[in-house]
>>> print(open('final.cif').read())   # mmCIF, C-alpha atoms
data_run
loop_
_atom_site.label_atom_id
_atom_site.label_comp_id
_atom_site.auth_asym_id
_atom_site.auth_seq_id
_atom_site.Cartn_x
_atom_site.Cartn_y
_atom_site.Cartn_z
CA MET A 1 5.23 -11.88 -20.75
CA PHE A 2 8.39 -9.74 -20.57
CA TYR A 3 6.52 -6.41 -20.51
CA GLY A 4 4.08 -7.74 -17.92
CA ALA A 5 6.89 -8.84 -15.62
CA CYS A 6 8.64 -5.48 -16.10
CA PHE A 7 5.49 -3.56 -15.18
CA ALA A 8 4.87 -5.79 -12.13
CA LEU A 9 8.46 -5.32 -10.92
CA MET A 10 8.16 -1.58 -11.54
CA SER A 11 5.15 -1.61 -9.21
CA ALA A 12 7.20 -3.41 -6.56
CA VAL A 13 10.05 -0.89 -6.89
CA LEU A 14 7.68 2.11 -6.82
CA TRP A 15 5.76 0.78 -3.80
CA GLY A 16 9.02 -0.24 -2.13
CA THR A 17 10.37 3.32 -2.29
CA ILE A 18 7.29 4.87 -0.62
CA PRO A 19 8.32 4.08 3.00
CA ILE A 20 11.78 5.50 2.30
CA PHE A 21 10.37 8.86 1.16
CA VAL A 22 7.87 8.85 4.04
CA ARG A 23 10.51 8.04 6.68
CA LYS A 24 12.75 10.84 5.42
CA GLY A 25 9.88 13.33 5.41
CA LEU A 26 8.53 12.27 8.82
CA ALA A 27 11.68 13.63 10.42
CA HIS A 28 10.19 17.10 9.78
CA ALA A 29 6.37 16.69 9.75
CA ASN A 30 3.56 14.43 10.94
CA ALA A 31 1.90 11.45 9.21
CA SER A 32 -1.39 13.25 8.52
CA VAL A 33 0.37 15.98 6.51
CA ALA A 34 2.27 13.22 4.67
CA VAL A 35 -0.98 11.52 3.62
CA LEU A 36 -2.57 14.78 2.41
CA LEU A 37 0.46 15.98 0.42
CA GLY A 38 0.86 12.54 -1.16
CA LEU A 39 -2.78 12.52 -2.26
CA LEU A 40 -2.62 16.09 -3.62
CA ALA A 41 0.58 15.32 -5.57
CA SER A 42 -1.27 12.53 -7.40
CA VAL A 43 -4.10 14.79 -8.63
CA PRO A 44 -2.34 15.76 -11.93
CA LEU A 45 -1.82 12.05 -12.71
CA LEU A 46 -5.51 11.37 -12.12
CA VAL A 47 -6.50 14.26 -14.38
CA VAL A 48 -4.35 12.72 -17.13
CA VAL A 49 -6.11 9.35 -16.66
CA PHE A 50 -9.57 10.90 -16.94
CA LEU A 51 -8.60 13.01 -19.98
CA LEU A 52 -6.76 10.30 -21.92
CA HIS A 53 -9.10 7.41 -21.18
CA PRO A 54 -11.02 6.56 -24.37
CA ARG A 55 -14.36 6.41 -22.53
CA SER A 56 -15.92 8.85 -20.08
CA ALA A 57 -16.19 7.68 -16.47
CA LEU A 58 -19.80 8.90 -16.29
CA GLN A 59 -20.76 6.71 -19.24
CA THR A 60 -18.89 3.54 -18.27
CA ILE A 61 -18.97 3.34 -14.46
CA SER A 62 -22.31 2.32 -12.93
CA PRO A 63 -23.37 4.07 -9.70
CA GLN A 64 -23.01 0.78 -7.82
CA ALA A 65 -19.45 0.27 -9.10
CA ALA A 66 -18.62 3.90 -8.25
CA LEU A 67 -19.65 3.19 -4.64
CA TRP A 68 -17.39 0.13 -4.44
CA PHE A 69 -14.44 2.05 -5.95
CA ALA A 70 -15.11 4.92 -3.52
CA ALA A 71 -14.96 2.38 -0.68
CA VAL A 72 -11.57 1.21 -2.02
CA GLY A 73 -10.41 4.84 -1.86
CA ILE A 74 -11.53 5.20 1.75
CA MET A 75 -10.04 1.89 2.96
CA GLY A 76 -6.79 2.11 0.94
CA PRO A 77 -5.39 5.59 0.27
CA CYS A 78 -7.26 7.16 3.24
CA LEU A 79 -7.32 4.84 6.26
CA GLY A 80 -4.76 2.28 5.09
CA ARG A 81 -2.21 4.93 4.17
CA MET A 82 -2.74 6.84 7.44
CA PHE A 83 -2.08 3.71 9.55
CA ASN A 84 0.77 2.77 7.17
CA TYR A 85 2.57 6.11 7.71
CA LEU A 86 1.93 6.00 11.48
CA GLY A 87 3.49 2.52 11.49
CA VAL A 88 6.53 3.77 9.58
CA ALA A 89 6.84 6.69 12.03
CA ARG A 90 6.82 4.35 15.06
CA LEU A 91 8.75 1.31 13.78
CA GLY A 92 10.79 2.58 10.85
CA ALA A 93 10.47 1.73 7.16
CA ALA A 94 12.28 -1.63 7.15
CA ARG A 95 10.28 -3.09 10.05
CA ALA A 96 6.79 -1.67 9.39
CA THR A 97 6.66 -2.42 5.65
CA PRO A 98 6.70 -6.25 5.78
CA LEU A 99 4.05 -6.17 8.54
CA ILE A 100 1.85 -3.90 6.40
CA ASN A 101 2.40 -6.11 3.36
CA SER A 102 1.16 -9.17 5.23
CA SER A 103 -2.40 -8.09 4.30
CA PRO A 104 -2.98 -11.21 2.10
CA LEU A 105 -2.93 -13.14 5.38
CA PHE A 106 -6.10 -11.31 6.48
CA THR A 107 -7.66 -11.67 3.01
CA THR A 108 -7.00 -15.43 3.22
CA VAL A 109 -8.48 -15.68 6.72
CA PHE A 110 -11.59 -13.73 5.59
CA ALA A 111 -11.93 -16.03 2.56
CA LEU A 112 -11.62 -19.13 4.76
CA VAL A 113 -14.08 -17.89 7.40
CA PHE A 114 -16.70 -16.04 5.34
CA LEU A 115 -16.44 -17.67 1.90
CA GLY A 116 -15.78 -21.20 3.17
CA GLU A 117 -12.73 -21.64 0.92
CA GLN A 118 -10.69 -24.83 1.37
CA ILE A 119 -7.31 -24.67 3.13
CA THR A 120 -4.53 -26.19 1.01
CA LEU A 121 -0.93 -27.10 1.88
CA LYS A 122 0.30 -24.01 0.00
CA ILE A 123 -2.04 -21.73 1.97
CA LEU A 124 -0.99 -23.38 5.24
CA LEU A 125 2.72 -22.93 4.40
CA GLY A 126 2.10 -19.31 3.39
CA VAL A 127 0.29 -18.54 6.65
CA LEU A 128 3.02 -20.25 8.71
CA CYS A 129 5.76 -18.27 6.91
CA ILE A 130 3.98 -14.95 7.52
CA VAL A 131 3.30 -15.74 11.18
CA ALA A 132 6.95 -16.80 11.65
CA GLY A 133 8.14 -13.62 9.88
CA VAL A 134 5.93 -11.42 12.07
CA GLY A 135 7.24 -13.31 15.11
CA VAL A 136 10.86 -12.69 14.09
CA LEU A 137 10.24 -8.99 13.40
CA THR A 138 8.24 -8.27 16.53
CA GLY A 139 10.39 -10.42 18.82
CA GLN A 140 13.44 -8.20 18.38
CA GLN A 141 14.52 -5.39 20.65
CA ARG A 142 13.77 -1.98 19.15
CA VAL A 143 16.89 -0.41 17.56
CA MET B 144 8.57 -4.03 20.14
CA SER B 145 5.29 -3.36 22.02
CA VAL B 146 1.74 -4.25 21.05
CA ARG B 147 1.08 -0.55 20.47
CA ASP B 148 4.00 -0.42 18.03
CA ILE B 149 2.58 -3.14 15.81
CA CYS B 150 -1.08 -2.05 16.00
CA PHE B 151 -0.68 0.62 13.27
CA PRO B 152 0.94 -1.68 10.68
CA VAL B 153 -1.62 -4.39 11.49
CA LEU B 154 -4.51 -1.89 11.12
CA ALA B 155 -3.01 -0.79 7.77
CA ALA B 156 -2.80 -4.44 6.67
CA LEU B 157 -6.44 -4.98 7.72
CA CYS B 158 -7.58 -1.94 5.70
CA TYR B 159 -5.56 -3.01 2.64
CA SER B 160 -6.85 -6.59 2.94
CA THR B 161 -10.38 -5.40 2.08
CA ASN B 162 -9.20 -3.85 -1.21
CA PRO B 163 -9.13 -7.02 -3.38
CA ILE B 164 -12.69 -7.85 -2.33
CA LEU B 165 -14.01 -4.29 -2.88
CA ILE B 166 -12.21 -4.02 -6.24
CA LYS B 167 -13.69 -7.35 -7.34
CA LEU B 168 -17.19 -6.13 -6.42
CA GLY B 169 -16.64 -2.87 -8.32
CA LEU B 170 -15.26 -4.59 -11.41
CA ARG B 171 -18.23 -6.98 -11.39
CA SER B 172 -20.49 -3.95 -12.05
CA SER B 173 -18.14 -2.03 -14.39
CA ASN B 174 -15.00 -3.65 -15.79
CA GLU B 175 -12.87 -0.46 -15.93
CA PRO B 176 -9.93 -1.02 -13.54
CA LEU B 177 -7.97 2.13 -14.37
CA LEU B 178 -10.99 4.45 -14.11
CA GLY B 179 -12.04 2.60 -10.95
CA ALA B 180 -8.63 3.20 -9.38
CA ALA B 181 -8.77 6.87 -10.39
CA ILE B 182 -12.26 7.26 -8.88
CA GLY B 183 -11.03 5.69 -5.62
CA MET B 184 -8.08 8.12 -5.53
CA VAL B 185 -10.31 11.16 -6.19
CA VAL B 186 -12.70 10.12 -3.40
CA SER B 187 -9.83 9.52 -0.98
CA THR B 188 -8.32 12.94 -1.77
CA VAL B 189 -11.66 14.73 -1.23
CA VAL B 190 -12.51 12.79 1.97
CA TYR B 191 -9.04 13.12 3.49
CA GLY B 192 -8.80 16.79 2.46
CA GLY B 193 -12.15 17.44 4.18
CA TYR B 194 -11.08 15.58 7.33
CA PHE B 195 -7.79 17.50 7.36
CA LEU B 196 -9.49 20.89 7.13
CA LEU B 197 -12.36 20.11 9.52
CA THR B 198 -9.99 18.88 12.23
CA GLY B 199 -8.03 22.15 12.11
CA GLN B 200 -4.81 20.66 10.75
CA ALA B 201 -4.43 23.20 7.94
CA ARG B 202 -2.01 25.27 10.04
CA ASP B 203 0.36 22.26 10.16
CA LEU B 204 0.95 22.74 6.43
CA ARG B 205 2.61 26.12 7.02
CA THR B 206 5.34 24.59 9.16
CA VAL B 207 6.25 21.78 6.75
CA PRO B 208 9.71 22.34 5.22
CA TRP B 209 9.87 22.16 1.42
CA ARG B 210 12.19 19.17 1.59
CA ALA B 211 9.66 17.13 3.62
CA ALA B 212 6.80 18.23 1.33
CA TRP B 213 8.84 17.04 -1.63
CA TYR B 214 9.42 13.62 0.00
CA PHE B 215 5.69 13.20 0.72
CA ALA B 216 4.78 14.25 -2.82
CA CYS B 217 7.25 11.67 -4.20
CA ALA B 218 5.65 9.01 -1.96
CA GLY B 219 2.18 9.87 -3.30
CA ILE B 220 3.32 9.89 -6.93
CA SER B 221 5.17 6.56 -6.45
CA SER B 222 2.00 5.07 -5.00
CA THR B 223 -0.19 6.22 -7.90
CA LEU B 224 2.34 5.26 -10.59
CA GLY B 225 2.66 1.89 -8.83
CA VAL B 226 -1.10 1.37 -9.22
CA PHE B 227 -0.94 2.28 -12.93
CA THR B 228 1.99 -0.09 -13.66
CA PHE B 229 0.16 -2.78 -11.61
CA PHE B 230 -2.87 -2.49 -13.92
CA ALA B 231 -0.59 -2.36 -16.98
CA ALA B 232 1.05 -5.62 -15.86
CA HIS B 233 -2.36 -7.30 -15.70
CA GLN B 234 -2.85 -6.57 -19.42
CA TYR B 235 0.17 -8.76 -20.31
CA ILE B 236 0.34 -11.50 -17.67
CA PRO B 237 -2.17 -13.26 -15.38
CA ALA B 238 -2.87 -12.04 -11.84
CA ALA B 239 -1.25 -15.19 -10.43
CA VAL B 240 2.07 -13.98 -11.86
CA VAL B 241 1.63 -10.26 -11.12
CA ALA B 242 0.79 -10.70 -7.42
CA PRO B 243 3.96 -12.59 -6.36
CA LEU B 244 6.18 -10.15 -8.27
CA THR B 245 4.61 -7.10 -6.63
CA ALA B 246 4.76 -8.84 -3.24
CA THR B 247 8.53 -8.35 -3.31
CA ALA B 248 8.12 -4.61 -2.52
CA PRO B 249 9.27 -5.04 1.14
CA LEU B 250 12.60 -6.42 -0.15
CA VAL B 251 13.06 -3.16 -2.09
CA THR B 252 12.25 -1.18 1.06
CA LEU B 253 14.65 -3.28 3.13
CA THR B 254 17.51 -2.78 0.66
CA LEU B 255 16.89 0.95 0.28
CA SER B 256 16.55 1.35 4.06
CA TYR B 257 19.99 -0.15 4.53
CA PHE B 258 21.62 2.23 2.05
CA LEU B 259 19.52 5.40 2.39
CA LEU B 260 18.18 5.46 5.96
CA HIS B 261 21.27 4.44 7.92
CA LYS B 262 21.16 7.74 9.85
CA LEU B 263 17.51 7.20 10.86
CA GLU B 264 17.27 3.44 11.44
CA GLN B 265 19.41 0.31 11.55
CA VAL B 266 18.54 -2.79 9.55
CA THR B 267 19.17 -5.87 11.69
CA ARG B 268 19.58 -9.52 10.77
CA GLY B 269 16.13 -10.13 12.31
CA ASP B 270 14.62 -7.52 9.94
CA VAL B 271 16.10 -9.38 6.97
CA TRP B 272 14.83 -12.81 8.09
CA GLY B 273 11.43 -11.48 9.12
CA THR B 274 10.99 -9.68 5.78
CA VAL B 275 12.11 -12.69 3.73
CA LEU B 276 9.71 -15.01 5.62
CA ILE B 277 6.76 -12.63 5.20
CA VAL B 278 7.47 -12.08 1.48
CA LEU B 279 7.78 -15.85 0.98
CA GLY B 280 4.48 -16.41 2.82
CA VAL B 281 2.70 -13.72 0.79
CA VAL B 282 4.09 -15.16 -2.47
CA LEU B 283 2.72 -18.58 -1.47
CA LEU B 284 -0.69 -17.11 -0.65
CA VAL B 285 -1.12 -14.95 -3.76
CA SER B 286 0.46 -17.15 -6.44
#
>>> encode(input="final.cif", output="structure tokens")
Amino acid sequence: MFYGACFALMSAVLWGTIPIFVRKGLAHANASVAVLLGLLASVPLLVVVFLLHPRSALQTISPQAALWFAAVGIMGPCLGRMFNYLGVARLGAARATPLINSSPLFTTVFALVFLGEQITLKILLGVLCIVAGVGVLTGQQRV
Amino acid sequence: MSVRDICFPVLAALCYSTNPILIKLGLRSSNEPLLGAAIGMVVSTVVYGGYFLLTGQARDLRTVPWRAAWYFACAGISSTLGVFTFFAAHQYIPAAVVAPLTATAPLVTLTLSYFLLHKLEQVTRGDVWGTVLIVLGVVLLVS
């Protein structure tokens, strides 16, 4: 339990620092360059994963799964990150990040509309909190 | 804050909101989360690199100062390490515990923005309340 919580909080800290680095860098370059350099910097880490993983990707990943994972790559690190960095460039790190991290709201709406999931009090409260938070953030004058 | 200002963060959130569904579909075919994440990252690097070159943006790289390149590289590495620690957390604790902990990332950004970005942006009381409400809402939705 302790190690799991530590790893999860490490993720939060690592992901929380990204907009800070991006905002500092965007003072000197554009968002598209930021996305490319970020992706290229991760290549050595990916090589390590492929080399150290006990099983070969070609043997364990089915073609169908590879297509789904490729789609994740396009929607997340490609498109998502591009819009993310453009948002940070326009609004700043502190204001854009919570808006970007409201994505579970859309996932919930998709699940309710397309999968017919039931709405519970917890879901309703969560949605209301996010909508109120977005309202507070977007209702302010730009500083 | 104008509608145009919030469209990029909202588009980013929409892109990211598809990830849990796509990942679930991929893992249903091949239950290899780390390799799946690595495949997604490789595809995104190749696709974005191709888009960058084909749209004639390569010359932008020459004008990027080393300091900005370093910031963007750190953002990319933080993102990838965040994914790895996220998967590591899932090996020790259930997803219902991991998700709310990682949802606190905007609080990290908010705190770091206040201390490290004071020359670039000001953190207002509205930013704090908006971020807290959104994080609370996301925690309610994902827990």
>>> resolve_selection(input="final.cif", expression="the PyMOL selection byres ((chain A and resi 127) around 10)", output="VMD selection string")
(chain A and resid 102 104 to 106 108 to 109 121 to 126 128 to 133) or (chain B and resid 277 279 to 281 283 to 284)
>>> residues_around(input="final.cif", residues="stretch 36-50 of chain A", least_positions_apart="3", cutoff="9 Å", atoms="only C-alpha atoms", output="VMD selection string")
(chain A and resid 31 to 33 53 to 57 77 to 78) or (chain B and resid 177 to 178 181 to 182 184 to 185 187 to 188 191 to 192 195 212 to 224)
>>> closest_residue(input="final.cif", among="B:Asn174, B:Ser145, B:Asn162, B:Thr198", to="A:Gly73", atoms="all atoms listed in the file")
B:Asn162
>>> residues_near_point(input="final.cif", point="(7.4, -1.9, 3.4)", cutoff="9 Å", atoms="only C-alpha atoms", output="mmCIF file with C-alpha atoms, in the frame of the given file")
data_model
loop_
_atom_site.group_PDB
_atom_site.id
_atom_site.type_symbol
_atom_site.label_atom_id
_atom_site.label_comp_id
_atom_site.auth_asym_id
_atom_site.auth_seq_id
_atom_site.Cartn_x
_atom_site.Cartn_y
_atom_site.Cartn_z
ATOM 1 C CA TRP A 15 5.760 0.780 -3.800
ATOM 2 C CA GLY A 16 9.020 -0.240 -2.130
ATOM 3 C CA THR A 17 10.370 3.320 -2.290
ATOM 4 C CA ILE A 18 7.290 4.870 -0.620
ATOM 5 C CA PRO A 19 8.320 4.080 3.000
ATOM 6 C CA ILE A 20 11.780 5.500 2.300
ATOM 7 C CA ASN A 84 0.770 2.770 7.170
ATOM 8 C CA VAL A 88 6.530 3.770 9.580
ATOM 9 C CA ALA A 93 10.470 1.730 7.160
ATOM 10 C CA ALA A 94 12.280 -1.630 7.150
ATOM 11 C CA ARG A 95 10.280 -3.090 10.050
ATOM 12 C CA ALA A 96 6.790 -1.670 9.390
ATOM 13 C CA THR A 97 6.660 -2.420 5.650
ATOM 14 C CA PRO A 98 6.700 -6.250 5.780
ATOM 15 C CA LEU A 99 4.050 -6.170 8.540
ATOM 16 C CA ILE A 100 1.850 -3.900 6.400
ATOM 17 C CA ASN A 101 2.400 -6.110 3.360
ATOM 18 C CA ALA B 248 8.120 -4.610 -2.520
ATOM 19 C CA PRO B 249 9.270 -5.040 1.140
ATOM 20 C CA LEU B 250 12.600 -6.420 -0.150
ATOM 21 C CA VAL B 251 13.060 -3.160 -2.090
ATOM 22 C CA THR B 252 12.250 -1.180 1.060
ATOM 23 C CA LEU B 253 14.650 -3.280 3.130
ATOM 24 C CA THR B 274 10.990 -9.680 5.780
#
>>> atom_distance(input="final.cif", atom1="atom CA of B:Ile164", atom2="atom CA of B:Val282")
18.3 Å
>>> residues_near_point(input="final.cif", point="(1.2, -9.6, -12.9)", cutoff="6 Å", atoms="all atoms listed in the file", output="list in words")
Ala8 of chain A; Ala232, His233, Ile236, Pro237, Ala238, Val240, Val241 and Ala242 of chain B
>>> closest_residue(input="final.cif", among="A:Val13, A:Met1, A:Ala29, A:Leu58", to="B:Val226", atoms="all atoms listed in the file")
A:Val13
>>> closest_residue(input="final.cif", among="A:Ala27, A:Gly80, A:Gln59, A:Leu51", to="chain B", atoms="all atoms listed in the file")
A:Gly80
>>> atom_distance(input="final.cif", atom1="atom CA of B:Tyr257", atom2="atom CA of B:Cys158")
27.7 Å
>>> closest_residue(input="final.cif", among="B:Cys150, B:Gly199, B:Lys262, B:Met144", to="A:Val136", atoms="only C-alpha atoms")
B:Met144
>>> decode(input="final.cif", residues="stretch 43-77 of chain A", atoms="C-alpha atoms", output="PDB file, in the first residue's frame")
ATOM      1  CA  VAL A  43      13.094   8.119 -26.602  1.00  0.00           C
ATOM      2  CA  PRO A  44      16.006   6.821 -24.417  1.00  0.00           C
ATOM      3  CA  LEU A  45      13.502   5.908 -21.671  1.00  0.00           C
ATOM      4  CA  LEU A  46      11.389   3.982 -24.175  1.00  0.00           C
ATOM      5  CA  VAL A  47      14.453   2.117 -25.458  1.00  0.00           C
ATOM      6  CA  VAL A  48      15.187   1.060 -21.867  1.00  0.00           C
ATOM      7  CA  VAL A  49      11.597  -0.231 -21.477  1.00  0.00           C
ATOM      8  CA  PHE A  50      11.795  -2.307 -24.653  1.00  0.00           C
ATOM      9  CA  LEU A  51      15.255  -3.690 -23.767  1.00  0.00           C
ATOM     10  CA  LEU A  52      14.552  -4.517 -20.115  1.00  0.00           C
ATOM     11  CA  HIS A  53      11.038  -5.875 -20.517  1.00  0.00           C
ATOM     12  CA  PRO A  54      11.130  -9.657 -19.993  1.00  0.00           C
ATOM     13  CA  ARG A  55       9.007 -10.313 -23.097  1.00  0.00           C
ATOM     14  CA  SER A  56       9.347  -8.976 -26.636  1.00  0.00           C
ATOM     15  CA  ALA A  57       6.647  -6.555 -27.791  1.00  0.00           C
ATOM     16  CA  LEU A  58       6.323  -8.427 -31.095  1.00  0.00           C
ATOM     17  CA  GLN A  59       5.538 -11.663 -29.267  1.00  0.00           C
ATOM     18  CA  THR A  60       3.148 -10.299 -26.638  1.00  0.00           C
ATOM     19  CA  ILE A  61       1.214  -7.444 -28.277  1.00  0.00           C
ATOM     20  CA  SER A  62      -1.476  -8.489 -30.767  1.00  0.00           C
ATOM     21  CA  PRO A  63      -1.887  -6.361 -33.920  1.00  0.00           C
ATOM     22  CA  GLN A  64      -5.311  -5.248 -32.699  1.00  0.00           C
ATOM     23  CA  ALA A  65      -3.914  -4.136 -29.319  1.00  0.00           C
ATOM     24  CA  ALA A  66      -1.041  -2.356 -31.095  1.00  0.00           C
ATOM     25  CA  LEU A  67      -3.620  -0.325 -33.044  1.00  0.00           C
ATOM     26  CA  TRP A  68      -5.441   0.703 -29.857  1.00  0.00           C
ATOM     27  CA  PHE A  69      -2.154   1.670 -28.150  1.00  0.00           C
ATOM     28  CA  ALA A  70      -1.143   3.621 -31.271  1.00  0.00           C
ATOM     29  CA  ALA A  71      -4.474   5.474 -31.044  1.00  0.00           C
ATOM     30  CA  VAL A  72      -3.643   6.326 -27.407  1.00  0.00           C
ATOM     31  CA  GLY A  73      -0.335   7.772 -28.635  1.00  0.00           C
ATOM     32  CA  ILE A  74      -2.078   9.930 -31.242  1.00  0.00           C
ATOM     33  CA  MET A  75      -4.829  11.212 -28.904  1.00  0.00           C
ATOM     34  CA  GLY A  76      -2.594  11.696 -25.824  1.00  0.00           C
ATOM     35  CA  PRO A  77       1.045  12.629 -26.442  1.00  0.00           C
TER      36      PRO A  77
END
